[in-house]
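Please read the structure below before turning to the comments.
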Protein chains: 2
Amino acid sequence: MPHRPDASRPTLRQVAALSGVSLKTASRALNGEPYVSAPTADRVRAAAEQLGFRRNAIARDLRAGARSPLVGLIISDLGNPFFSRVARGAERRLRAAGLQLVSASSEEDPELEQALIGEMLERRVSALLVVTSSDDHRFLDAERRHGLPVVFLDREPADIVADCVVLDNRGGMRHAVEHLLERGHRRIALVGDLGRLATQRERAAAFELALTAAGVDDWSRYVRTDCHDAATAERAVRAVLDERPAPTALIATNNLITIGALRALRDLPERPALVGFDDFDLADVVGVTVVAHDPERMGEVGAEQILARLGGADGPSHRVLLPTELVPRASTTLDT
Amino acid sequence: MPHRPDASRPTLRQVAALSGVSLKTASRALNGEPYVSAPTADRVRAAAEQLGFRRNAIARDLRAGARSPLVGLIISDLGNPFFSRVARGAERRLRAAGLQLVSASSEEDPELEQALIGEMLERRVSALLVVTSSDDHRFLDAERRHGLPVVFLDREPADIVADCVVLDNRGGMRHAVEHLLERGHRRIALVGDLGRLATQRERAAAFELALTAAGVDDWSRYVRTDCHDAATAERAVRAVLDERPAPTALIATNNLITIGALRALRDLPERPALVGFDDFDLADVVGVTVVAHDPERMGEVGAEQILARLGGADGPSHRVLLPTELVPRASTTLDT
DNA sequence: CTGAAAGCGCTAACAG
DNA sequence: CTGTTAGCGCTTTCAG
């Protein structure tokens with residue numbers, strides 16, 4: 001089918017002309033405003049139908065310097081199930097309020113993140129949800145002061161105070177460590193994501209704290225970080241298992257790392273215990289103990305904060321802490 | 001942080017005023033157009049910076065009846081890893097061409113799908129990528145004729161001829177069946193998705209064909225369809241395994257169904273062989289034979305077709321068939 | 001190199 | 001109930 005570059009679409013003016021009314025009357029009829037007689041409205045609607053008219057939202061949004069009914073979501077990677085679920089939750093909640101989600105992946109690159117946010121600001125999105133990879137949020141703060149609701153998801157900014165929805169990373173990690181300590185493990189390895197991510201730092205700090213509190217002080221030799229995909233994690237796990245004495249248990253700080261760990265452990269005759277942060281689709285089937293939480297809920301709560309701000313809520317910044325739950329499964333309850 | 005409803009943003013006019021030039025000169029400077037002296041340009045840029053100016057893309061796009069640089073993607077569920085990967089692939093390819101992806105979930109509801117498409121058309125997206133849940137595409141066809149590039153992903157429309165990118169569903173299913181037949185299976189169960197989906201119908205048809213060709217003719221008693229989530233699939237699998245004589249093998253027609261099947265099979269003393277359509281994250285670890293393919297590639301190829309059409313390509317509709325590959329793993333190669 | 005005028009398609013005011 | 005006028009913020013003519 002040939003693509004005709006600009007087969008011009010009918011405008012409201014043409015609909016008005018065809019139905020023999022003024023522009024404004026046509027506008028009123030199609031927007032279901034009051035003060036249009038039923039027959040007139042019908043005539044206009046018929047004309048619109050006949051011409052295949054579609055209101056031009058660009059023009060509509062421009063009117064009165066209005067913002068568009070779009071809400072931007074910046075995530076590190078749409079392909080990661082954790083983030084795609086966050087997106088789904090946000091989309092659902094926003095749609096119910098008549099807003100539409102526009103998401104973009106920053107690929108964990110602060111510069112790309114800034115560029116994407118810039119594009120969204122130009123598009124005059126009504127609000128922004130951001131899983132930040134950056135540590136400099138001054139320019140966003142300026143936008144916020146300009147009246148743009150911004151909610152940080154999953155990763156709390158260190159340099160500004162803002163609305164955010166984060167997981168109970170410390171509590172989750174503490175439970176994971178205690179769970180292993182209770183089962184007699186003392187040599188516990190930690191395989192983690194990029195050290196510059198807030199979530200990662202919190203989880204690592206809680207790991208250290210819990211072990212130190214239990215009197216374990218050579219924990220640091222079993223720590224590996226900066227694994228940002230399953231393949232890197234798989235190698236890191238193999239490496240840390242080569243330490244002597246070998247760790248008897250392993251904590252993976254997110255879903256991707258857990259997958260890498262499972263690959264590394266697959267063919268081992270004697271597997272260390274494993275706890276993964278983030279629940280995932282087959283965790284129950286594979287029998288992996290996890291620190292579970294609800295990614296969709298994160299998106300929903302973020303969307304709700306946005307809606308509250310758009311509705312005029314004026315209070316101080318609000319920080320929502322989402323709970324985590326340790327789900328014990330075979331990877332820590334069976335002896336290998 | 002208080003949300004000031006319309007703390008008006010600076011406009012180009014204000015930038016021009018501050019830098020003492022005309023509107024048009026400011027516009028030229030900020031858009032890097034030629035014919036602006038370097039010092040003038042610098043002055044304008046400084047003023048823009050100082051005011052925190054951001055070009056208003058709504059106004060820009062309106063000018064010249066232009067379309068927005070947005071491309072719409074309609075998928076059934078952003079939360080499904082298959083579709084989120086398709087989205088990622090499309091996003092990446094489009095972004096490289098300066099376009100931005102806007103995705104929305106139709107939740108497999110034809111009416112919602114149509115509403116979402118309508119919104120995108122109003123927003124004047126440059127093109128549309130759609131995983132359709134509907135069987136009526138006349139209105140989309142009208143838009144196509146109006147000059148809007150539309151590419152169907154994963155599911156080919158039955159009622160119109162259009163650009164599309166689909167999997168080799170028949171080939172994939174045939175290989176799955178043959179793989180099982182070669183291993184001596186004759187009683188093969190099929191657990192499938194909603195019967196109204198094109199992919200599902202193709203896969204089911206190929207299943208029937210391959211079995212009939214092999215002389216198996218009581219295949220239909222082992223077929224269960226309309227499972228659209230893991231929980232339903234799990235129940236369907238349990239039910240079909242209760243048939244007597246029981247099936248010795250099972251084919252799950254997509255990733256969600258495979259997950260449900262794995263849950264159903266988990267505690268069985270004697271597991272039937274299993275082949276799943278769609279590869280998934282832990283298929284290797286769990287050892288599930290799958291009909292694999294590349295969802296990101298689907299998104300990329302779709303995006304490329306869009307770009308070609310936007311670039312003026314004028315040929316007839318193009319149908320791209322993406323290959324599938326049978327990846328044998330323990331679920332069909334080990335005897336239980 | 002720079003500026004003034006016109007207008008994209010629509011809706012908010014204000015008349016009739 | 002309906003029509004006219006103005007203008008959102010920007011870019012495109014077309015003159016300086």
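Each chain in the structure tokens gets a letter, A, B and so on, in the order shown; residues start at 1 in every chain, and ligands are counted from 1 in the order they appear.
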
Result of fitting chain A on chain B (Cα atoms paired in order), as an mmCIF file with C-alpha atoms, in the first residue's frame:
```cif
data_model
loop_
_atom_site.group_PDB
_atom_site.id
_atom_site.type_symbol
_atom_site.label_atom_id
_atom_site.label_comp_id
_atom_site.auth_asym_id
_atom_site.auth_seq_id
_atom_site.Cartn_x
_atom_site.Cartn_y
_atom_site.Cartn_z
ATOM 1 C CA MET A 1 7.412 20.397 46.734
ATOM 2 C CA PRO A 2 4.301 22.322 45.793
ATOM 3 C CA HIS A 3 2.949 21.704 42.360
ATOM 4 C CA ARG A 4 2.185 25.054 40.770
ATOM 5 C CA PRO A 5 -0.515 24.227 38.259
ATOM 6 C CA ASP A 6 0.671 26.390 35.423
ATOM 7 C CA ALA A 7 3.799 28.214 36.361
ATOM 8 C CA SER A 8 4.052 29.401 32.796
ATOM 9 C CA ARG A 9 7.163 28.425 30.944
ATOM 10 C CA PRO A 10 9.173 30.963 29.024
ATOM 11 C CA THR A 11 8.417 31.188 25.321
ATOM 12 C CA LEU A 12 10.626 31.852 22.403
ATOM 13 C CA ARG A 13 9.316 35.397 22.337
ATOM 14 C CA GLN A 14 10.741 36.022 25.780
ATOM 15 C CA VAL A 15 14.063 34.569 24.804
ATOM 16 C CA ALA A 16 14.090 36.827 21.754
ATOM 17 C CA ALA A 17 13.207 39.853 23.839
ATOM 18 C CA LEU A 18 15.902 39.134 26.392
ATOM 19 C CA SER A 19 18.547 38.707 23.751
ATOM 20 C CA GLY A 20 17.338 41.666 21.740
ATOM 21 C CA VAL A 21 16.612 39.854 18.505
ATOM 22 C CA SER A 22 13.504 38.902 16.599
ATOM 23 C CA LEU A 23 11.501 35.784 17.140
ATOM 24 C CA LYS A 24 12.750 34.201 13.980
ATOM 25 C CA THR A 25 16.384 34.860 14.728
ATOM 26 C CA ALA A 26 15.994 33.289 18.109
ATOM 27 C CA SER A 27 14.306 30.325 16.469
ATOM 28 C CA ARG A 28 17.127 29.966 13.987
ATOM 29 C CA ALA A 29 19.806 30.201 16.630
ATOM 30 C CA LEU A 30 18.257 27.557 18.841
ATOM 31 C CA ASN A 31 17.630 25.192 15.970
ATOM 32 C CA GLY A 32 21.151 25.451 14.698
ATOM 33 C CA GLU A 33 20.037 26.822 11.354
ATOM 34 C CA PRO A 34 22.576 28.583 9.169
ATOM 35 C CA TYR A 35 22.624 32.320 8.604
ATOM 36 C CA VAL A 36 22.942 33.416 12.192
ATOM 37 C CA SER A 37 26.131 35.139 13.276
ATOM 38 C CA ALA A 38 28.035 33.314 15.949
ATOM 39 C CA PRO A 39 27.832 36.099 18.544
ATOM 40 C CA THR A 40 24.089 36.471 18.028
ATOM 41 C CA ALA A 41 23.602 32.744 18.350
ATOM 42 C CA ASP A 42 25.610 32.719 21.565
ATOM 43 C CA ARG A 43 23.594 35.545 22.988
ATOM 44 C CA VAL A 44 20.348 33.759 22.212
ATOM 45 C CA ARG A 45 21.543 30.516 23.677
ATOM 46 C CA ALA A 46 22.644 32.298 26.818
ATOM 47 C CA ALA A 47 19.239 33.933 27.170
ATOM 48 C CA ALA A 48 17.489 30.610 26.641
ATOM 49 C CA GLU A 49 19.648 28.980 29.263
ATOM 50 C CA GLN A 50 19.050 31.797 31.707
ATOM 51 C CA LEU A 51 15.276 31.579 31.342
ATOM 52 C CA GLY A 52 15.211 27.803 31.393
ATOM 53 C CA PHE A 53 13.614 27.840 27.977
ATOM 54 C CA ARG A 54 12.436 24.599 26.378
ATOM 55 C CA ARG A 55 11.069 24.635 22.901
ATOM 56 C CA ASN A 56 7.399 23.758 22.820
ATOM 57 C CA ALA A 57 7.149 20.665 20.652
ATOM 58 C CA ILE A 58 3.383 20.913 20.574
ATOM 59 C CA ALA A 59 3.546 24.245 18.794
ATOM 60 C CA ARG A 60 6.354 23.099 16.580
ATOM 61 C CA ASP A 61 4.501 19.996 15.481
ATOM 62 C CA LEU A 62 1.351 21.921 14.790
ATOM 63 C CA ARG A 63 3.133 24.130 12.342
ATOM 64 C CA ALA A 64 2.546 22.905 8.794
ATOM 65 C CA GLY A 65 0.033 20.275 9.859
ATOM 66 C CA ALA A 66 3.019 18.203 10.717
ATOM 67 C CA ARG A 67 2.754 14.855 12.379
ATOM 68 C CA SER A 68 4.484 14.312 15.672
ATOM 69 C CA PRO A 69 7.707 12.311 15.724
ATOM 70 C CA LEU A 70 5.897 9.657 17.718
ATOM 71 C CA VAL A 71 5.238 6.113 16.590
ATOM 72 C CA GLY A 72 2.466 4.234 18.323
ATOM 73 C CA LEU A 73 2.768 0.637 19.407
ATOM 74 C CA ILE A 74 -0.287 -1.286 20.478
ATOM 75 C CA ILE A 75 0.434 -4.526 22.261
ATOM 76 C CA SER A 76 -1.735 -6.797 24.284
ATOM 77 C CA ASP A 77 0.260 -6.551 27.473
ATOM 78 C CA LEU A 78 3.383 -4.585 28.255
ATOM 79 C CA GLY A 79 4.002 -6.899 31.196
ATOM 80 C CA ASN A 80 4.476 -9.982 29.047
ATOM 81 C CA PRO A 81 8.206 -10.446 28.372
ATOM 82 C CA PHE A 82 7.550 -11.364 24.776
ATOM 83 C CA PHE A 83 5.865 -8.062 24.039
ATOM 84 C CA SER A 84 8.145 -5.960 26.157
ATOM 85 C CA ARG A 85 11.036 -7.283 24.133
ATOM 86 C CA VAL A 86 9.287 -6.485 20.917
ATOM 87 C CA ALA A 87 8.801 -2.979 22.280
ATOM 88 C CA ARG A 88 12.425 -2.684 23.222
ATOM 89 C CA GLY A 89 13.547 -3.700 19.739
ATOM 90 C CA ALA A 90 11.205 -1.231 18.112
ATOM 91 C CA GLU A 91 12.161 1.543 20.492
ATOM 92 C CA ARG A 92 15.843 1.102 19.816
ATOM 93 C CA ARG A 93 15.500 1.144 16.065
ATOM 94 C CA LEU A 94 13.129 4.094 16.018
ATOM 95 C CA ARG A 95 15.179 6.146 18.391
ATOM 96 C CA ALA A 96 18.169 5.759 16.120
ATOM 97 C CA ALA A 97 16.029 7.417 13.466
ATOM 98 C CA GLY A 98 14.902 10.226 15.745
ATOM 99 C CA LEU A 99 11.452 8.845 16.451
ATOM 100 C CA GLN A 100 9.947 8.042 19.773
ATOM 101 C CA LEU A 101 7.856 5.036 20.681
ATOM 102 C CA VAL A 102 4.573 5.381 22.542
ATOM 103 C CA SER A 103 3.210 2.056 23.643
ATOM 104 C CA ALA A 104 -0.126 1.102 25.046
ATOM 105 C CA SER A 105 -1.623 -2.190 26.195
ATOM 106 C CA SER A 106 -4.888 -3.347 24.704
ATOM 107 C CA GLU A 107 -5.327 -6.202 27.154
ATOM 108 C CA GLU A 108 -6.499 -8.374 24.267
ATOM 109 C CA ASP A 109 -9.673 -6.287 24.070
ATOM 110 C CA PRO A 110 -10.652 -5.240 20.533
ATOM 111 C CA GLU A 111 -12.614 -2.245 21.745
ATOM 112 C CA LEU A 112 -9.810 -0.959 23.893
ATOM 113 C CA GLU A 113 -7.464 -1.558 21.000
ATOM 114 C CA GLN A 114 -9.583 0.606 18.767
ATOM 115 C CA ALA A 115 -9.834 3.327 21.382
ATOM 116 C CA LEU A 116 -6.078 3.357 21.869
ATOM 117 C CA ILE A 117 -5.454 3.554 18.156
ATOM 118 C CA GLY A 118 -7.951 6.383 17.959
ATOM 119 C CA GLU A 119 -6.070 8.335 20.605
ATOM 120 C CA MET A 120 -2.829 7.826 18.780
ATOM 121 C CA LEU A 121 -4.333 8.981 15.539
ATOM 122 C CA GLU A 122 -5.549 12.113 17.236
ATOM 123 C CA ARG A 123 -2.075 12.647 18.559
ATOM 124 C CA ARG A 124 -0.980 12.441 14.923
ATOM 125 C CA VAL A 125 1.605 9.731 15.385
ATOM 126 C CA SER A 126 3.769 9.259 12.320
ATOM 127 C CA ALA A 127 3.041 5.563 12.123
ATOM 128 C CA LEU A 128 1.543 2.634 13.939
ATOM 129 C CA LEU A 129 2.848 -0.769 14.969
ATOM 130 C CA VAL A 130 0.084 -3.056 16.090
ATOM 131 C CA VAL A 131 -0.263 -6.465 17.638
ATOM 132 C CA THR A 132 -3.938 -6.736 16.929
ATOM 133 C CA SER A 133 -6.554 -8.494 19.020
ATOM 134 C CA SER A 134 -9.289 -7.559 16.635
ATOM 135 C CA ASP A 135 -10.613 -9.145 13.475
ATOM 136 C CA ASP A 136 -11.970 -5.976 11.938
ATOM 137 C CA HIS A 137 -9.365 -3.664 10.477
ATOM 138 C CA ARG A 138 -11.359 -1.627 8.025
ATOM 139 C CA PHE A 139 -10.959 1.608 9.909
ATOM 140 C CA LEU A 140 -7.231 1.098 10.078
ATOM 141 C CA ASP A 141 -7.171 0.370 6.402
ATOM 142 C CA ALA A 142 -8.803 3.731 5.789
ATOM 143 C CA GLU A 143 -6.056 5.406 7.783
ATOM 144 C CA ARG A 144 -3.462 3.592 5.783
ATOM 145 C CA ARG A 145 -4.957 4.892 2.617
ATOM 146 C CA HIS A 146 -4.827 8.325 4.189
ATOM 147 C CA GLY A 147 -1.073 7.924 4.211
ATOM 148 C CA LEU A 148 -0.395 6.470 7.634
ATOM 149 C CA PRO A 149 2.137 3.656 7.659
ATOM 150 C CA VAL A 150 0.775 0.733 9.637
ATOM 151 C CA VAL A 151 2.701 -2.450 10.325
ATOM 152 C CA PHE A 152 1.140 -5.468 11.977
ATOM 153 C CA LEU A 153 3.347 -7.348 14.365
ATOM 154 C CA ASP A 154 3.076 -11.009 15.344
ATOM 155 C CA ARG A 155 -0.541 -11.374 14.239
ATOM 156 C CA GLU A 156 -1.461 -10.979 10.609
ATOM 157 C CA PRO A 157 -4.846 -9.421 9.903
ATOM 158 C CA ALA A 158 -7.186 -11.748 8.063
ATOM 159 C CA ASP A 159 -9.377 -9.101 6.476
ATOM 160 C CA ILE A 160 -6.880 -6.764 4.841
ATOM 161 C CA VAL A 161 -3.526 -6.969 3.108
ATOM 162 C CA ALA A 162 -0.891 -4.987 4.957
ATOM 163 C CA ASP A 163 2.736 -4.826 5.941
ATOM 164 C CA CYS A 164 3.457 -7.302 8.670
ATOM 165 C CA VAL A 165 6.148 -9.133 10.580
ATOM 166 C CA VAL A 166 5.170 -12.556 11.787
ATOM 167 C CA LEU A 167 6.796 -15.693 13.065
ATOM 168 C CA ASP A 168 7.015 -18.886 11.123
ATOM 169 C CA ASN A 169 4.304 -20.366 13.309
ATOM 170 C CA ARG A 170 3.590 -23.311 11.073
ATOM 171 C CA GLY A 171 7.209 -24.244 10.601
ATOM 172 C CA GLY A 172 7.894 -23.877 14.297
ATOM 173 C CA MET A 173 5.005 -26.057 15.285
ATOM 174 C CA ARG A 174 5.803 -28.643 12.650
ATOM 175 C CA HIS A 175 9.320 -28.958 13.997
ATOM 176 C CA ALA A 176 8.009 -29.300 17.521
ATOM 177 C CA VAL A 177 5.651 -32.103 16.538
ATOM 178 C CA GLU A 178 8.223 -33.884 14.407
ATOM 179 C CA HIS A 179 10.738 -33.651 17.201
ATOM 180 C CA LEU A 180 8.313 -35.456 19.477
ATOM 181 C CA LEU A 181 7.246 -37.984 16.851
ATOM 182 C CA GLU A 182 10.883 -38.866 16.259
ATOM 183 C CA ARG A 183 11.173 -39.666 19.917
ATOM 184 C CA GLY A 184 8.303 -42.086 19.657
ATOM 185 C CA HIS A 185 5.497 -39.952 21.037
ATOM 186 C CA ARG A 186 2.075 -40.520 19.485
ATOM 187 C CA ARG A 187 -0.222 -39.122 22.141
ATOM 188 C CA ILE A 188 0.744 -35.468 22.103
ATOM 189 C CA ALA A 189 -1.298 -32.849 23.903
ATOM 190 C CA LEU A 190 -1.615 -29.217 22.822
ATOM 191 C CA VAL A 191 -2.387 -26.476 25.303
ATOM 192 C CA GLY A 192 -3.119 -23.220 23.567
ATOM 193 C CA ASP A 193 -4.048 -19.586 23.890
ATOM 194 C CA LEU A 194 -7.270 -17.844 22.843
ATOM 195 C CA GLY A 195 -8.637 -19.493 19.729
ATOM 196 C CA ARG A 196 -9.390 -16.178 18.089
ATOM 197 C CA LEU A 197 -5.753 -15.164 17.855
ATOM 198 C CA ALA A 198 -4.138 -15.655 14.472
ATOM 199 C CA THR A 199 -0.938 -17.039 15.938
ATOM 200 C CA GLN A 200 -2.841 -19.581 17.944
ATOM 201 C CA ARG A 201 -4.876 -20.715 14.967
ATOM 202 C CA GLU A 202 -1.806 -21.165 12.820
ATOM 203 C CA ARG A 203 -0.009 -23.110 15.471
ATOM 204 C CA ALA A 204 -3.009 -25.327 16.091
ATOM 205 C CA ALA A 205 -3.485 -25.928 12.370
ATOM 206 C CA ALA A 206 0.148 -26.921 11.936
ATOM 207 C CA PHE A 207 -0.162 -29.238 14.919
ATOM 208 C CA GLU A 208 -3.117 -30.990 13.357
ATOM 209 C CA LEU A 209 -1.447 -31.198 9.980
ATOM 210 C CA ALA A 210 1.764 -32.680 11.273
ATOM 211 C CA LEU A 211 0.001 -35.303 13.344
ATOM 212 C CA THR A 212 -2.408 -36.245 10.605
ATOM 213 C CA ALA A 213 0.491 -36.584 8.179
ATOM 214 C CA ALA A 214 2.087 -38.989 10.627
ATOM 215 C CA GLY A 215 -1.069 -41.061 10.803
ATOM 216 C CA VAL A 216 -2.136 -39.930 14.259
ATOM 217 C CA ASP A 217 -5.833 -39.218 14.096
ATOM 218 C CA ASP A 218 -7.140 -39.066 17.625
ATOM 219 C CA TRP A 219 -5.119 -35.913 18.312
ATOM 220 C CA SER A 220 -8.135 -33.751 19.007
ATOM 221 C CA ARG A 221 -8.942 -35.260 22.383
ATOM 222 C CA TYR A 222 -5.622 -33.942 23.660
ATOM 223 C CA VAL A 223 -6.186 -30.375 22.596
ATOM 224 C CA ARG A 224 -7.057 -27.646 25.085
ATOM 225 C CA THR A 225 -7.345 -24.006 24.088
ATOM 226 C CA ASP A 226 -8.281 -20.558 25.357
ATOM 227 C CA CYS A 227 -5.731 -20.426 28.140
ATOM 228 C CA HIS A 228 -4.603 -16.850 28.366
ATOM 229 C CA ASP A 229 -2.558 -16.931 31.537
ATOM 230 C CA ALA A 230 -0.354 -19.297 33.452
ATOM 231 C CA ALA A 231 -3.026 -20.226 35.985
ATOM 232 C CA THR A 232 -5.581 -21.296 33.389
ATOM 233 C CA ALA A 233 -2.886 -23.162 31.529
ATOM 234 C CA GLU A 234 -1.852 -24.978 34.683
ATOM 235 C CA ARG A 235 -5.395 -26.264 35.169
ATOM 236 C CA ALA A 236 -5.754 -27.204 31.523
ATOM 237 C CA VAL A 237 -2.553 -29.192 31.664
ATOM 238 C CA ARG A 238 -3.700 -31.092 34.731
ATOM 239 C CA ALA A 239 -6.978 -31.832 32.998
ATOM 240 C CA VAL A 240 -5.481 -33.061 29.768
ATOM 241 C CA LEU A 241 -3.094 -35.310 31.655
ATOM 242 C CA ASP A 242 -6.099 -37.028 33.162
ATOM 243 C CA GLU A 243 -7.214 -38.294 29.789
ATOM 244 C CA ARG A 244 -6.852 -42.039 29.419
ATOM 245 C CA PRO A 245 -4.707 -43.151 27.788
ATOM 246 C CA ALA A 246 -2.649 -40.234 29.044
ATOM 247 C CA PRO A 247 -0.614 -38.149 26.625
ATOM 248 C CA THR A 248 3.117 -38.812 26.754
ATOM 249 C CA ALA A 249 4.067 -35.374 25.521
ATOM 250 C CA LEU A 250 2.812 -31.819 25.727
ATOM 251 C CA ILE A 251 3.185 -28.752 23.574
ATOM 252 C CA ALA A 252 2.546 -25.334 25.126
ATOM 253 C CA THR A 253 1.836 -22.710 22.490
ATOM 254 C CA ASN A 254 3.445 -19.752 24.212
ATOM 255 C CA ASN A 255 5.630 -18.592 27.071
ATOM 256 C CA LEU A 256 2.845 -18.055 29.605
ATOM 257 C CA ILE A 257 1.353 -21.450 28.940
ATOM 258 C CA THR A 258 4.747 -23.079 29.259
ATOM 259 C CA ILE A 259 5.086 -21.554 32.701
ATOM 260 C CA GLY A 260 1.686 -22.870 33.701
ATOM 261 C CA ALA A 261 2.624 -26.270 32.336
ATOM 262 C CA LEU A 262 5.836 -26.354 34.340
ATOM 263 C CA ARG A 263 3.850 -25.664 37.487
ATOM 264 C CA ALA A 264 1.443 -28.460 36.685
ATOM 265 C CA LEU A 265 4.231 -30.896 35.937
ATOM 266 C CA ARG A 266 6.403 -29.966 38.855
ATOM 267 C CA ASP A 267 5.301 -32.576 41.320
ATOM 268 C CA LEU A 268 4.416 -35.328 38.919
ATOM 269 C CA PRO A 269 6.250 -38.603 39.456
ATOM 270 C CA GLU A 270 6.348 -39.255 35.763
ATOM 271 C CA ARG A 271 6.504 -36.216 33.558
ATOM 272 C CA PRO A 272 5.435 -36.103 29.964
ATOM 273 C CA ALA A 273 7.852 -34.597 27.482
ATOM 274 C CA LEU A 274 7.392 -30.859 27.002
ATOM 275 C CA VAL A 275 7.983 -28.421 24.176
ATOM 276 C CA GLY A 276 7.184 -24.749 24.582
ATOM 277 C CA PHE A 277 6.649 -22.139 21.898
ATOM 278 C CA ASP A 278 8.728 -19.003 22.700
ATOM 279 C CA ASP A 279 12.059 -19.056 24.444
ATOM 280 C CA PHE A 280 12.187 -17.590 27.951
ATOM 281 C CA ASP A 281 14.738 -16.553 30.517
ATOM 282 C CA LEU A 282 15.263 -19.742 32.429
ATOM 283 C CA ALA A 283 14.402 -22.254 29.730
ATOM 284 C CA ASP A 284 18.028 -23.350 29.674
ATOM 285 C CA VAL A 285 18.236 -23.748 33.436
ATOM 286 C CA VAL A 286 14.939 -25.560 33.716
ATOM 287 C CA GLY A 287 15.798 -27.591 30.648
ATOM 288 C CA VAL A 288 12.758 -26.982 28.492
ATOM 289 C CA THR A 289 12.851 -27.699 24.788
ATOM 290 C CA VAL A 290 11.492 -24.674 22.992
ATOM 291 C CA VAL A 291 10.631 -23.270 19.626
ATOM 292 C CA ALA A 292 12.818 -20.193 19.924
ATOM 293 C CA HIS A 293 12.787 -16.941 18.016
ATOM 294 C CA ASP A 294 13.845 -13.345 18.495
ATOM 295 C CA PRO A 295 11.180 -10.956 19.801
ATOM 296 C CA GLU A 296 13.446 -7.928 19.667
ATOM 297 C CA ARG A 297 14.106 -8.647 16.047
ATOM 298 C CA MET A 298 10.391 -8.525 15.424
ATOM 299 C CA GLY A 299 10.266 -5.024 16.862
ATOM 300 C CA GLU A 300 13.294 -3.959 14.900
ATOM 301 C CA VAL A 301 12.049 -5.291 11.599
ATOM 302 C CA GLY A 302 8.670 -3.678 12.166
ATOM 303 C CA ALA A 303 10.399 -0.394 12.902
ATOM 304 C CA GLU A 304 12.438 -0.743 9.741
ATOM 305 C CA GLN A 305 9.344 -1.238 7.658
ATOM 306 C CA ILE A 306 7.872 1.876 9.205
ATOM 307 C CA LEU A 307 11.008 3.834 8.436
ATOM 308 C CA ALA A 308 11.010 2.604 4.863
ATOM 309 C CA ARG A 309 7.418 3.736 4.380
ATOM 310 C CA LEU A 310 8.108 7.068 6.015
ATOM 311 C CA GLY A 311 11.071 7.381 3.708
ATOM 312 C CA GLY A 312 8.691 7.113 0.810
ATOM 313 C CA ALA A 313 8.879 3.425 -0.056
ATOM 314 C CA ASP A 314 5.907 2.814 -2.198
ATOM 315 C CA GLY A 315 5.833 -0.846 -3.036
ATOM 316 C CA PRO A 316 3.113 -3.371 -2.308
ATOM 317 C CA SER A 317 2.558 -4.713 1.169
ATOM 318 C CA HIS A 318 5.479 -6.576 2.557
ATOM 319 C CA ARG A 319 5.197 -9.632 4.754
ATOM 320 C CA VAL A 320 8.267 -10.641 6.712
ATOM 321 C CA LEU A 321 8.437 -14.124 8.107
ATOM 322 C CA LEU A 322 10.777 -14.467 11.061
ATOM 323 C CA PRO A 323 12.402 -17.866 11.503
ATOM 324 C CA THR A 324 12.008 -20.100 14.513
ATOM 325 C CA GLU A 325 14.470 -22.615 15.776
ATOM 326 C CA LEU A 326 13.858 -25.741 17.773
ATOM 327 C CA VAL A 327 16.194 -25.826 20.746
ATOM 328 C CA PRO A 328 16.240 -29.338 22.202
ATOM 329 C CA ARG A 329 16.763 -29.580 25.914
ATOM 330 C CA ALA A 330 16.208 -32.036 28.715
ATOM 331 C CA SER A 331 12.413 -31.895 28.678
ATOM 332 C CA THR A 332 12.366 -33.948 25.478
ATOM 333 C CA THR A 333 15.718 -35.653 25.435
ATOM 334 C CA LEU A 334 15.806 -37.329 28.802
ATOM 335 C CA ASP A 335 13.548 -40.183 29.647
ATOM 336 C CA THR A 336 11.691 -39.502 32.821
#
```

Counting only C-alpha atoms (C1' of nucleotides), which residues of chain C sit at most 12 Å from some atom of chain B, and what is each one's closest atom pair with its distance in Å to one decimal, listed by chain and rising residue number, as a Markdown table?
```
| residue | atom | partner | partner_atom | distance |
| --- | --- | --- | --- | --- |
| C:DC1 | C1' | B:Tyr35 | CA | 5.4 |
| C:DT2 | C1' | B:Thr25 | CA | 6.7 |
| C:DG3 | C1' | B:Ser22 | CA | 6.3 |
| C:DA4 | C1' | B:Ser22 | CA | 9.2 |
| C:DA5 | C1' | B:Lys24 | CA | 11.5 |
| C:DA6 | C1' | B:Arg63 | CA | 11.8 |
| C:DG7 | C1' | B:Arg63 | CA | 8.3 |
| C:DC8 | C1' | B:Arg63 | CA | 4.3 |
| C:DG9 | C1' | B:Leu62 | CA | 7.7 |
| C:DC10 | C1' | B:Leu62 | CA | 10.3 |
```

May I have the residues of chain D within 10 Å of chain B, counting only C-alpha atoms (C1' of nucleotides), written as a list in words? DC8, DG9, DC10, DT11 and DT12 of chain D

Spatial neighbours of DA13 in chain C, 12 Å, only C-alpha atoms (C1' of nucleotides), chain gap at least 5 places, as JSON, numbers by chain: {"A": [24], "D": [4, 5, 6, 7]}

Atoms kept (C-alpha atoms (C1' of nucleotides)) for selection, written as a JSON list (two decimals), in the first residue's frame:
```
[["chain", "number", "residue", "atom", "x", "y", "z"],
["A", 24, "LYS", "CA", -17.27, 26.51, 17.06],
["D", 4, "DT", "C1'", -17.23, 35.77, 15.47],
["D", 5, "DT", "C1'", -12.87, 37.05, 17.10],
["D", 6, "DA", "C1'", -8.58, 36.17, 19.06],
["D", 7, "DG", "C1'", -4.56, 33.65, 19.94]]
```
